$ cat data-v8.cif   # mmCIF, C-alpha atoms
data_run
#
loop_
_atom_site.label_atom_id
_atom_site.label_comp_id
_atom_site.auth_asym_id
_atom_site.auth_seq_id
_atom_site.Cartn_x
_atom_site.Cartn_y
_atom_site.Cartn_z
CA MET A 1 91.27 36.86 -20.29
CA GLU A 2 90.16 37.65 -23.78
CA ILE A 3 90.44 41.16 -25.19
CA LEU A 4 86.95 41.85 -26.53
CA LYS A 5 87.08 45.53 -27.42
CA PRO A 6 89.67 48.32 -27.54
CA ALA A 7 90.30 49.94 -24.17
CA ILE A 8 92.60 52.59 -22.83
CA ALA A 9 93.96 53.34 -19.35
CA GLY A 10 96.40 55.82 -17.88
CA THR A 11 97.55 59.24 -19.04
CA LEU A 12 100.41 60.89 -20.90
CA GLU A 13 101.45 62.91 -17.88
CA SER A 14 104.87 62.65 -16.32
CA SER A 15 105.42 59.48 -14.18
CA ASP A 16 102.43 57.76 -15.76
CA ALA A 17 101.88 55.55 -18.80
CA GLN A 18 99.04 55.27 -21.29
CA VAL A 19 98.15 51.70 -22.17
CA THR A 20 95.87 50.79 -25.07
CA VAL A 21 94.78 47.21 -25.66
CA GLU A 22 92.98 45.97 -28.76
CA PRO A 23 91.92 42.52 -29.95
CA GLY A 24 94.90 40.77 -31.53
CA GLU A 25 95.41 38.16 -34.20
CA GLY A 26 97.07 35.57 -31.96
CA GLY A 27 100.10 36.42 -29.85
CA ILE A 28 101.01 39.66 -28.14
CA GLU A 29 101.99 42.54 -30.39
CA LEU A 30 103.59 45.19 -28.20
CA SER A 31 104.44 48.69 -29.36
CA LEU A 32 106.34 50.75 -26.80
CA THR A 33 107.28 54.44 -26.71
CA SER A 34 109.08 55.64 -23.61
CA SER A 35 110.78 58.79 -22.42
CA VAL A 36 113.29 56.50 -20.68
CA MET A 37 113.59 53.91 -23.43
CA ASN A 38 117.39 53.66 -23.30
CA GLN A 39 117.53 53.18 -19.56
CA TYR A 40 114.42 51.10 -18.86
CA GLY A 41 113.00 49.91 -22.18
CA ARG A 42 113.70 46.23 -21.50
CA GLN A 43 112.38 46.42 -17.94
CA ILE A 44 109.16 48.10 -19.10
CA LYS A 45 108.63 45.52 -21.81
CA ALA A 46 109.22 42.68 -19.35
CA THR A 47 106.76 44.16 -16.82
CA VAL A 48 104.04 44.62 -19.44
CA LEU A 49 104.44 41.12 -20.85
CA GLU A 50 104.57 39.57 -17.38
CA THR A 51 101.38 41.39 -16.34
CA LEU A 52 99.59 40.26 -19.48
CA GLU A 53 100.69 36.69 -18.86
CA ARG A 54 99.47 36.85 -15.26
CA LEU A 55 96.07 38.01 -16.55
CA ASP A 56 96.12 35.14 -19.03
CA VAL A 57 95.98 37.38 -22.09
CA SER A 58 97.44 35.51 -25.02
CA SER A 59 96.20 37.51 -28.01
CA ALA A 60 96.29 41.30 -28.04
CA ARG A 61 97.68 44.38 -29.69
CA VAL A 62 99.13 46.49 -26.87
CA THR A 63 100.39 50.06 -27.19
CA VAL A 64 102.27 51.59 -24.28
CA VAL A 65 103.29 55.24 -24.20
CA ASP A 66 105.43 55.50 -21.09
CA LYS A 67 106.31 58.76 -19.39
CA GLY A 68 108.61 57.35 -16.73
CA ALA A 69 106.05 55.27 -14.81
CA LEU A 70 107.16 53.07 -11.92
CA ASP A 71 106.64 49.32 -12.31
CA CYS A 72 103.63 49.34 -9.98
CA THR A 73 101.99 52.12 -12.03
CA LEU A 74 102.67 50.28 -15.26
CA LYS A 75 101.14 47.06 -13.88
CA ALA A 76 98.06 48.92 -12.67
CA ARG A 77 97.55 50.60 -16.04
CA VAL A 78 97.91 47.32 -17.95
CA GLU A 79 95.49 45.56 -15.58
CA CYS A 80 92.98 48.38 -15.85
CA ALA A 81 93.10 48.47 -19.66
CA VAL A 82 92.63 44.69 -19.84
CA PHE A 83 89.69 44.70 -17.40
CA ARG A 84 88.03 47.53 -19.29
CA SER A 85 88.49 45.70 -22.57
CA CYS A 86 86.60 42.64 -21.34
CA GLY A 87 83.96 44.48 -19.34
CA ALA A 88 85.35 43.31 -15.98
CA SER A 89 86.13 46.75 -14.58
CA ALA A 90 82.69 47.29 -12.98
CA ALA A 91 82.68 43.99 -11.08
CA ASN A 92 84.49 40.66 -11.06
CA ILE A 93 87.97 42.08 -10.59
CA PRO A 94 89.94 39.09 -9.32
CA TRP A 95 91.38 40.73 -6.19
CA GLY A 96 93.87 38.38 -4.58
CA GLY A 97 93.78 36.20 -7.69
CA ALA A 98 95.42 37.46 -10.86
CA VAL A 99 95.64 40.92 -9.26
CA ARG A 100 98.18 40.77 -6.47
CA MET B 1 97.19 74.08 -9.42
CA GLY B 2 93.44 74.10 -9.41
CA ASP B 3 93.18 73.58 -13.18
CA THR B 4 89.97 72.16 -14.63
CA LEU B 5 89.89 70.19 -17.86
CA THR B 6 86.44 70.16 -19.40
CA ALA B 7 84.51 69.78 -22.64
CA ILE B 8 83.40 73.04 -24.24
CA SER B 9 79.94 73.00 -25.77
CA PRO B 10 79.50 74.68 -29.17
CA ARG B 11 76.77 76.77 -27.50
CA ASP B 12 79.07 78.05 -24.75
CA THR B 13 79.88 81.28 -26.59
CA ARG B 14 82.02 82.75 -23.81
CA ALA B 15 84.34 79.72 -23.67
CA GLN B 16 84.36 79.43 -27.46
CA ARG B 17 85.51 83.07 -27.66
CA GLN B 18 88.30 82.21 -25.22
CA VAL B 19 89.30 79.31 -27.47
CA ASP B 20 89.39 81.59 -30.52
CA ALA B 21 91.49 84.12 -28.63
CA LEU B 22 93.96 81.50 -27.43
CA LEU B 23 94.30 79.97 -30.90
CA GLU B 24 94.87 83.39 -32.41
CA GLN B 25 97.44 84.23 -29.75
CA GLU B 26 99.35 81.07 -30.72
CA GLY B 27 99.16 81.90 -34.41
CA ILE B 28 96.53 79.42 -35.57
CA ARG B 29 92.95 79.72 -36.77
CA ARG B 30 89.99 77.62 -35.76
CA ASP B 31 89.55 74.71 -38.16
CA GLY B 32 86.25 74.63 -40.02
CA ASN B 33 85.77 70.97 -39.13
CA LEU B 34 85.66 70.30 -35.39
CA ASP B 35 83.27 67.98 -33.61
CA TYR B 36 84.59 68.15 -30.04
CA THR B 37 86.51 70.83 -28.18
CA CYS B 38 87.95 70.81 -24.68
CA GLY B 39 89.64 73.44 -22.58
CA LEU B 40 91.93 73.49 -19.57
CA PHE B 41 90.96 76.41 -17.32
CA ASP B 42 92.88 77.81 -14.36
CA GLN B 43 91.24 78.70 -11.03
CA ASP B 44 90.14 82.12 -12.32
CA TRP B 45 88.61 80.36 -15.35
CA ASN B 46 91.16 81.70 -17.80
CA LEU B 47 91.78 79.30 -20.65
CA ALA B 48 95.29 77.83 -20.37
CA ALA B 49 95.14 75.14 -23.07
CA THR B 50 92.75 73.77 -25.66
CA GLY B 51 92.40 70.91 -28.13
CA SER B 52 89.75 69.51 -30.48
CA CYS B 53 88.77 66.43 -32.43
CA PHE B 54 87.27 65.80 -35.82
CA GLY B 55 86.48 62.24 -36.87
CA ASN B 56 89.60 60.23 -36.08
CA THR B 57 91.89 63.27 -35.97
CA ILE B 58 93.15 65.55 -33.20
CA ARG B 59 93.27 69.25 -34.11
CA CYS B 60 93.66 72.84 -32.99
CA LEU B 61 95.95 72.23 -30.02
CA ALA B 62 97.31 75.28 -28.23
CA VAL B 63 98.76 76.25 -24.85
CA SER B 64 98.81 79.78 -23.55
CA GLY B 65 102.32 81.29 -23.77
CA SER B 66 102.50 81.92 -20.02
CA ARG B 67 101.71 78.30 -19.20
CA GLN B 68 104.02 76.49 -21.60
CA GLY B 69 106.48 73.93 -20.26
CA GLU B 70 104.10 72.53 -17.64
CA GLY B 71 102.99 69.50 -19.61
CA LEU B 72 99.47 70.86 -20.11
CA LEU B 73 99.28 69.61 -23.67
CA ASN B 74 99.90 66.07 -22.41
CA GLN B 75 96.76 66.40 -20.28
CA VAL B 76 94.77 67.76 -23.21
CA VAL B 77 95.96 65.03 -25.59
CA THR B 78 95.24 62.34 -22.98
CA HIS B 79 91.71 63.70 -22.60
CA LEU B 80 91.15 63.81 -26.37
CA MET B 81 92.45 60.24 -26.74
CA GLU B 82 89.98 59.10 -24.07
CA VAL B 83 87.16 60.88 -25.89
CA GLN B 84 88.22 59.16 -29.12
CA ALA B 85 88.45 55.79 -27.35
CA GLU B 86 84.84 56.22 -26.17
CA ARG B 87 83.86 56.79 -29.79
CA GLY B 88 85.67 53.57 -30.66
CA ASN B 89 88.59 55.30 -32.41
CA THR B 90 91.96 53.99 -31.30
CA HIS B 91 93.74 54.62 -34.59
CA LEU B 92 94.24 58.39 -34.52
CA PHE B 93 95.79 60.93 -36.85
CA LEU B 94 97.10 64.44 -36.49
CA TYR B 95 98.76 67.14 -38.54
CA THR B 96 101.33 69.41 -37.04
CA LYS B 97 104.11 71.85 -37.78
CA PRO B 98 107.47 70.13 -38.31
CA LYS B 99 108.93 71.75 -35.20
CA SER B 100 106.24 70.12 -33.01
CA ALA B 101 106.56 66.66 -34.57
CA LYS B 102 109.10 65.51 -32.00
CA PHE B 103 106.75 66.41 -29.17
CA PHE B 104 104.03 64.20 -30.63
CA GLY B 105 106.61 61.49 -31.20
CA ASP B 106 107.03 61.43 -27.42
CA LEU B 107 103.28 60.94 -27.09
CA GLY B 108 103.37 57.79 -29.22
CA PHE B 109 102.68 59.30 -32.65
CA TYR B 110 104.64 58.22 -35.72
CA GLU B 111 105.31 60.14 -38.89
CA ILE B 112 103.53 59.01 -42.05
CA ALA B 113 104.69 61.76 -44.41
CA ARG B 114 105.82 65.36 -44.33
CA VAL B 115 105.81 68.45 -46.49
CA GLU B 116 109.15 70.13 -45.81
CA GLY B 117 108.80 73.33 -43.90
CA SER B 118 105.06 73.25 -43.44
CA LEU B 119 103.44 70.09 -42.17
CA VAL B 120 103.86 66.59 -40.76
CA PHE B 121 101.10 63.96 -40.92
CA MET B 122 101.22 61.48 -38.01
CA GLU B 123 99.36 58.44 -36.68
CA ASN B 124 99.52 56.60 -33.36
CA ARG B 125 100.33 53.18 -34.83
CA ARG B 126 103.94 52.33 -35.38
CA ARG B 127 103.18 50.07 -38.32
CA GLY B 128 99.86 51.56 -39.45
CA PHE B 129 101.02 52.87 -42.80
CA SER B 130 103.50 50.07 -43.51
CA ASP B 131 100.75 47.50 -42.82
CA TYR B 132 98.49 49.34 -45.29
CA CYS B 133 101.23 49.25 -47.94
CA ALA B 134 101.93 45.59 -47.21
CA ALA B 135 98.24 44.77 -47.71
CA LEU B 136 98.27 46.63 -51.05
CA GLU B 137 101.35 44.75 -52.14
CA LYS B 138 99.32 41.52 -52.19
CA THR B 139 97.39 42.87 -55.18
CA ARG B 140 100.54 43.72 -57.10
CA ARG B 141 100.60 42.37 -60.65
CA GLU B 142 103.15 41.90 -63.40
CA GLY B 143 103.55 44.55 -66.09
CA THR B 144 103.13 48.30 -66.15
CA SER B 145 100.81 49.74 -63.54
CA ALA B 146 99.01 53.04 -63.37
CA ALA B 147 96.83 54.63 -60.71
CA VAL B 148 93.74 56.80 -60.51
CA VAL B 149 92.50 58.33 -57.27
CA MET B 150 88.87 59.40 -57.22
CA ASN B 151 86.09 60.37 -54.90
CA ALA B 152 83.49 59.05 -57.41
CA ASN B 153 80.73 61.02 -55.81
CA PRO B 154 78.96 59.38 -57.70
CA PHE B 155 80.66 57.41 -60.50
CA THR B 156 79.95 59.14 -63.85
CA LEU B 157 80.75 58.57 -67.52
CA GLY B 158 83.55 61.11 -66.98
CA HIS B 159 85.19 58.81 -64.44
CA LEU B 160 84.62 55.84 -66.72
CA HIS B 161 86.26 57.71 -69.61
CA LEU B 162 89.35 58.37 -67.49
CA VAL B 163 89.48 54.78 -66.22
CA GLU B 164 89.03 53.25 -69.69
CA ARG B 165 91.77 55.44 -71.11
CA ALA B 166 94.20 54.51 -68.30
CA ALA B 167 93.26 50.83 -68.45
CA ALA B 168 93.85 50.75 -72.21
CA GLU B 169 97.29 52.35 -71.99
CA ASN B 170 98.65 50.15 -69.17
CA ASP B 171 98.74 46.46 -68.21
CA ASN B 172 97.11 47.17 -64.84
CA LEU B 173 95.15 50.00 -63.32
CA HIS B 174 94.90 50.47 -59.56
CA LEU B 175 91.86 52.55 -58.74
CA PHE B 176 91.72 54.19 -55.32
CA VAL B 177 88.32 55.28 -54.08
CA LEU B 178 88.47 57.88 -51.31
CA SER B 179 87.12 56.02 -48.30
CA GLU B 180 86.63 59.01 -46.08
CA GLU B 181 83.01 60.11 -45.74
CA ALA B 182 82.83 63.65 -47.05
CA GLY B 183 79.40 64.00 -48.57
CA PRO B 184 75.89 62.60 -48.75
CA ILE B 185 76.79 59.47 -50.74
CA PRO B 186 78.27 56.90 -48.34
CA PHE B 187 81.58 55.20 -49.16
CA PRO B 188 80.18 51.65 -49.56
CA VAL B 189 77.79 52.96 -52.24
CA ARG B 190 80.48 54.99 -54.01
CA LYS B 191 82.82 52.01 -54.07
CA ARG B 192 80.13 49.60 -55.21
CA LEU B 193 79.19 51.86 -58.12
CA VAL B 194 82.85 52.10 -59.15
CA GLU B 195 83.21 48.32 -59.02
CA ALA B 196 80.01 47.78 -60.97
CA GLY B 197 80.95 50.43 -63.53
CA THR B 198 84.40 48.98 -64.16
CA ALA B 199 83.48 45.29 -63.96
CA HIS B 200 83.95 44.96 -67.75
CA LEU B 201 87.64 45.95 -67.43
CA PRO B 202 89.58 42.90 -66.20
CA ASN B 203 92.83 44.79 -65.53
CA VAL B 204 91.29 47.25 -63.04
CA VAL B 205 91.82 46.64 -59.30
CA CYS B 206 89.71 48.72 -56.89
CA HIS B 207 91.14 49.79 -53.52
CA SER B 208 89.90 51.81 -50.57
CA SER B 209 92.15 54.77 -50.02
CA GLY B 210 92.10 54.01 -46.30
CA PRO B 211 92.80 56.81 -43.85
CA TYR B 212 95.97 57.89 -45.64
CA ILE B 213 94.60 59.71 -48.67
CA ILE B 214 92.64 62.61 -47.26
CA SER B 215 89.72 64.47 -48.75
CA SER B 216 90.16 68.19 -49.27
CA ALA B 217 86.88 68.61 -47.38
CA THR B 218 88.45 67.53 -44.11
CA PHE B 219 92.07 68.52 -44.66
CA PRO B 220 92.97 70.74 -41.72
CA SER B 221 93.65 74.33 -42.60
CA TYR B 222 94.11 75.89 -39.22
CA PHE B 223 97.82 76.56 -39.19
CA LEU B 224 98.30 77.42 -42.85
CA LYS B 225 98.12 81.04 -43.79
CA ASP B 226 95.75 81.29 -46.74
CA GLU B 227 93.45 79.30 -48.96
CA ASP B 228 95.96 78.71 -51.78
CA THR B 229 98.63 77.56 -49.32
CA VAL B 230 96.09 75.12 -47.88
CA ILE B 231 95.32 73.66 -51.30
CA ARG B 232 98.99 73.44 -52.28
CA THR B 233 99.99 71.88 -48.96
CA HIS B 234 97.15 69.39 -49.17
CA ALA B 235 98.24 68.45 -52.66
CA ALA B 236 101.89 68.21 -51.59
CA LEU B 237 101.05 65.92 -48.65
CA ASP B 238 98.77 63.79 -50.78
CA LEU B 239 101.56 63.34 -53.29
CA GLU B 240 104.12 62.44 -50.62
CA VAL B 241 101.77 59.72 -49.34
CA PHE B 242 101.06 58.58 -52.88
CA GLY B 243 104.80 58.47 -53.59
CA LYS B 244 105.20 56.05 -50.70
CA ILE B 245 102.28 53.87 -51.78
CA ALA B 246 103.32 53.70 -55.44
CA PRO B 247 106.35 51.38 -55.01
CA SER B 248 104.22 48.72 -53.25
CA LEU B 249 102.18 48.38 -56.43
CA ASN B 250 104.93 49.31 -58.87
CA ILE B 251 102.89 52.29 -60.08
CA THR B 252 104.69 54.35 -62.68
CA ARG B 253 101.90 56.61 -63.94
CA ARG B 254 99.04 58.53 -62.45
CA TYR B 255 96.03 59.72 -64.44
CA VAL B 256 93.91 62.71 -63.53
CA GLY B 257 90.98 64.45 -65.15
CA GLU B 258 91.58 67.90 -66.54
CA GLU B 259 89.82 70.65 -64.64
CA LYS B 260 89.11 74.13 -65.92
CA ALA B 261 86.19 75.18 -63.78
CA SER B 262 87.53 74.48 -60.30
CA HIS B 263 90.33 76.59 -58.88
CA VAL B 264 91.06 73.93 -56.25
CA THR B 265 91.47 71.07 -58.71
CA ALA B 266 93.45 73.23 -61.11
CA LEU B 267 95.98 74.11 -58.40
CA TYR B 268 96.03 70.48 -57.34
CA ASN B 269 96.77 69.26 -60.86
CA GLU B 270 99.48 71.89 -61.22
CA SER B 271 101.22 70.60 -58.05
CA MET B 272 100.84 67.04 -59.28
CA ALA B 273 102.37 67.74 -62.70
CA ALA B 274 105.35 69.33 -60.94
CA ARG B 275 105.92 66.81 -58.14
CA LEU B 276 105.10 63.39 -59.60
CA PRO B 277 107.98 63.29 -62.10
CA GLU B 278 110.37 64.02 -59.20
CA LEU B 279 109.01 60.89 -57.51
CA GLY B 280 109.60 58.93 -60.68
CA ILE B 281 105.93 58.75 -61.62
CA GLY B 282 104.51 60.00 -64.88
CA CYS B 283 101.51 62.32 -64.76
CA ARG B 284 98.84 62.19 -67.48
CA ILE B 285 96.16 64.84 -67.50
CA VAL B 286 93.22 63.55 -69.52
CA PRO B 287 90.74 66.04 -71.04
CA ARG B 288 87.21 65.82 -69.67
CA LEU B 289 84.59 63.79 -71.44
CA GLU B 290 81.92 66.06 -72.88
CA VAL B 291 78.25 65.25 -73.37
CA ASN B 292 76.30 67.79 -75.43
CA SER B 293 79.49 69.89 -75.45
CA ARG B 294 79.45 70.25 -71.67
CA PRO B 295 82.03 68.51 -69.46
CA VAL B 296 80.65 65.66 -67.38
CA SER B 297 81.29 66.10 -63.68
CA ALA B 298 80.03 64.48 -60.52
CA SER B 299 79.02 67.86 -59.15
CA THR B 300 76.69 68.38 -62.13
CA VAL B 301 75.13 65.01 -61.35
CA ARG B 302 74.63 65.93 -57.69
CA GLN B 303 73.18 69.30 -58.69
CA LEU B 304 70.65 67.59 -60.95
CA ILE B 305 69.65 65.21 -58.17
CA HIS B 306 69.52 68.13 -55.76
CA GLY B 307 67.17 69.95 -58.12
CA GLY B 308 64.91 66.89 -58.38
CA GLN B 309 65.81 66.18 -62.04
CA LEU B 310 66.75 62.55 -61.55
CA GLU B 311 66.09 61.71 -65.23
CA GLY B 312 68.62 64.39 -66.18
CA ILE B 313 71.55 62.37 -64.87
CA ARG B 314 70.87 59.43 -67.18
CA PRO B 315 73.03 60.66 -70.10
CA LEU B 316 75.88 61.49 -67.71
CA VAL B 317 76.32 58.23 -65.80
CA PRO B 318 76.97 54.58 -66.72
CA GLU B 319 74.01 52.20 -66.78
CA THR B 320 75.18 50.70 -63.45
CA THR B 321 75.09 54.05 -61.62
CA TRP B 322 71.73 54.88 -63.18
CA SER B 323 70.13 51.61 -62.16
CA TYR B 324 71.25 52.26 -58.58
CA PHE B 325 69.74 55.75 -58.47
CA ALA B 326 66.55 54.51 -60.15
CA SER B 327 66.15 51.77 -57.53
CA PRO B 328 64.20 52.23 -54.27
CA GLU B 329 67.43 51.49 -52.38
CA ALA B 330 68.82 54.90 -53.39
CA GLY B 331 65.89 56.72 -51.70
CA PRO B 332 67.70 57.77 -48.51
CA VAL B 333 70.83 58.83 -50.45
CA ILE B 334 68.79 60.97 -52.87
CA GLU B 335 67.03 62.57 -49.90
CA ALA B 336 70.41 63.27 -48.29
CA ILE B 337 71.69 64.96 -51.47
CA GLN B 338 68.53 67.05 -51.68
CA ARG B 339 68.96 68.16 -48.07
CA GLU B 340 72.51 69.43 -48.71
CA ASN B 341 72.92 73.18 -49.04
CA ASN B 342 76.06 73.10 -51.12
CA VAL B 343 76.33 70.12 -53.43
CA ILE B 344 79.05 71.43 -55.71
CA HIS B 345 82.24 71.30 -53.67
CA TYR B 346 83.44 68.05 -52.24
#
$ encode --input "data-v8.cif" --output "C-alpha cells"
Amino acid sequence: MEILKPAIAGTLESSDAQVTVEPGEGGIELSLTSSVMNQYGRQIKATVLETLERLDVSSARVTVVDKGALDCTLKARVECAVFRSCGASAANIPWGGAVR
Amino acid sequence: MGDTLTAISPRDTRAQRQVDALLEQEGIRRDGNLDYTCGLFDQDWNLAATGSCFGNTIRCLAVSGSRQGEGLLNQVVTHLMEVQAERGNTHLFLYTKPKSAKFFGDLGFYEIARVEGSLVFMENRRRGFSDYCAALEKTRREGTSAAVVMNANPFTLGHLHLVERAAAENDNLHLFVLSEEAGPIPFPVRKRLVEAGTAHLPNVVCHSSGPYIISSATFPSYFLKDEDTVIRTHAALDLEVFGKIAPSLNITRRYVGEEKASHVTALYNESMAARLPELGIGCRIVPRLEVNSRPVSASTVRQLIHGGQLEGIRPLVPETTWSYFASPEAGPVIEAIQRENNVIHY
C-alpha cells in the first residue's frame, strides 16, 4: 500500500501506542519512543516493521509513541494508521488478506 | 470514571470560565493566541483537565490538582494531536517548563532548545531541527558569514540599508525571513519582496526561518509572569536556537537594526548584545536609516497603507516593493492591511 497522506491512530494512554504515518522518501524511516524501550524496544520495532511489510508499505515515515502496548495492539494501530493514510479505512479493508 | 473529553466553544462562557479557573489554579494564564480548546469533565461536569492549540503548537495544558497522576494529560494531548492531524499538522511544537519536559519526552516530544530555569521548546520529530540545520548547511559558503533575521513586513529601504551594510562588511550574508504568518502580508509575498529587493547583491542568500524562529506575536506567554519576562525569555530562546543554527552556516556575526521607539525591540536587542558574544557570535547594531529625518520602519509603511496613503510609502521602500504595491496583484493584501485594527505591532 502507498502512504498518500499523513494519518494517526491510537492514543498516548497506558497500554496503548500512538502511530503516525506520513509519506516517505523511499524506505521506512521509523522513530520510536517507548516507556519500555529497554525491555521491549527491539520487539516493538520488529513488530512494526513486520506489520508494514505485510501491508506492503515500502516508503513511509513512521512515528510510534508506545505506552506499553501488547503486540496485537501495536499491529492494530499500525494497520489502522496505514489504512487511514490511503483512504481504505471506510471500505476495502483486506480482512483475511493482509489483515490476519 | 465517567469522564467526558470534549471541545469547548469560545462562546461557551461557563466552560471557558472553568478553563480560566483551572489554569489560574495551576499557576498559568490563558494565552492570548488560542484557536482550539478542549476540556476533560468529570461526571458532575467539573473540569478536570484542559489543553489548547494554536497553529501547529499545543498550549495551556493543565490538570486539576486533585486529579493528577491519573494520566489525564495523556488523554488531552492525544485528543489535541488528533485535532491537529485533522488540520493536516503532524509536525507539532510546544513550550513547557523545564520540570515538565521529561513528561513530554515520554509522549514523543524532543527538545529543540531551552532557556535555563524558565522554558523548553520541543517538537515531535526526532530529527526535525537537525534536518533543518542539515538543509541549511547545503548553502554554506567559503569566507566570513553574517546573518540578519527579519520579518520584512514589508521590505523597506530601512531593511535594505541594514542588508547592504552587512553584505558589504562580510563575504556572505544569510538572510532569514520569518516564515510564520503573523500579519496581513503573507509569507510568500514578504519573501519575494526581500528576494527582489536584494537581487543586486550577489553574496546574499535568502532563507525561510522555518518553524524554529518564532514571531513575538505568537510566542506563548501563559506561564511567564510579566510582559518583560515574556520578551526577555522570547529573546533568550530565539538566541539559543540561533546559536544552534549559526555553526551550520559558519555565521560569526549578526546584524540588527537599532530601535529607540519600541520597548519590545529595545529589550530584545539588549538581550542579543549580551548573549551573542557568549555564543561566539558578534553583534552589530546598525542605526536606522532616516528619510526626511524620520526613521524608516515597516510599521510606518503599514500605517500609511492603512490610512489609504499608498503614494506616501514610495520614498520609504525600494522600487521592487513599490512596484508590487502599485500592481493590481497587491489589491487583496492592501485590503487586508486596511482591515487590521492595529497595524503597528507585529
$ interface_residues --input "data-v8.cif" --of "chain B" --to "chain A" --cutoff "12 Å" --atoms "all atoms listed in the file" --output "ChimeraX atom specification"
/B:70-91,102-110,124-128
$ residues_near_point --input "data-v8.cif" --point "(95.0, 33.0, -19.1)" --cutoff "12 Å" --atoms "only C-alpha atoms" --output "VMD selection string"
chain A and resid 1 to 3 50 to 59 82 97 to 98
$ resolve_selection --input "data-v8.cif" --expression "the PyMOL selection byres ((chain B and resi 218) around 10)" --output "list of chain:residue names"
B:Asp31, B:Gly32, B:Asn33, B:Leu34, B:Phe54, B:Gly55, B:Thr57, B:Glu180, B:Glu181, B:Ala182, B:Ile214, B:Ser215, B:Ser216, B:Ala217, B:Phe219, B:Pro220, B:Ser221, B:Tyr346
$ write_last_selection --input "data-v8.cif" --atoms "C-alpha atoms" --output "mmCIF file, keeping the file's coordinate frame"
data_model
loop_
_atom_site.group_PDB
_atom_site.id
_atom_site.type_symbol
_atom_site.label_atom_id
_atom_site.label_comp_id
_atom_site.auth_asym_id
_atom_site.auth_seq_id
_atom_site.Cartn_x
_atom_site.Cartn_y
_atom_site.Cartn_z
ATOM 1 C CA ASP B 31 89.550 74.710 -38.160
ATOM 2 C CA GLY B 32 86.250 74.630 -40.020
ATOM 3 C CA ASN B 33 85.770 70.970 -39.130
ATOM 4 C CA LEU B 34 85.660 70.300 -35.390
ATOM 5 C CA PHE B 54 87.270 65.800 -35.820
ATOM 6 C CA GLY B 55 86.480 62.240 -36.870
ATOM 7 C CA THR B 57 91.890 63.270 -35.970
ATOM 8 C CA GLU B 180 86.630 59.010 -46.080
ATOM 9 C CA GLU B 181 83.010 60.110 -45.740
ATOM 10 C CA ALA B 182 82.830 63.650 -47.050
ATOM 11 C CA ILE B 214 92.640 62.610 -47.260
ATOM 12 C CA SER B 215 89.720 64.470 -48.750
ATOM 13 C CA SER B 216 90.160 68.190 -49.270
ATOM 14 C CA ALA B 217 86.880 68.610 -47.380
ATOM 15 C CA PHE B 219 92.070 68.520 -44.660
ATOM 16 C CA PRO B 220 92.970 70.740 -41.720
ATOM 17 C CA SER B 221 93.650 74.330 -42.600
ATOM 18 C CA TYR B 346 83.440 68.050 -52.240
#
$ atom_distance --input "data-v8.cif" --atom1 "atom CA of A:Ser15" --atom2 "atom CA of A:Leu74"
9.7 Å
$ resolve_selection --input "data-v8.cif" --expression "the PyMOL selection byres ((chain B and resi 333-342) around 8)" --output "number ranges by chain"
B: 184-186, 302, 305-308, 325, 330-332, 343-345
$ atom_distance --input "data-v8.cif" --atom1 "atom CA of B:Ala134" --atom2 "atom CA of B:Asn250"
12.6 Å
$ closest_residue --input "data-v8.cif" --among "A:Val78, A:Ala90, A:Gly68, A:Val99" --to "A:Asn38" --atoms "only C-alpha atoms"
A:Gly68
$ atom_distance --input "data-v8.cif" --atom1 "atom CA of B:Glu123" --atom2 "atom CA of A:Arg42"
24.2 Å
$ residues_around --input "data-v8.cif" --residues "B:Glu137" --least-positions-apart "2" --cutoff "6 Å" --atoms "only C-alpha atoms" --output "PyMOL selection string"
chain B and resi 134-135+139-140+248-249
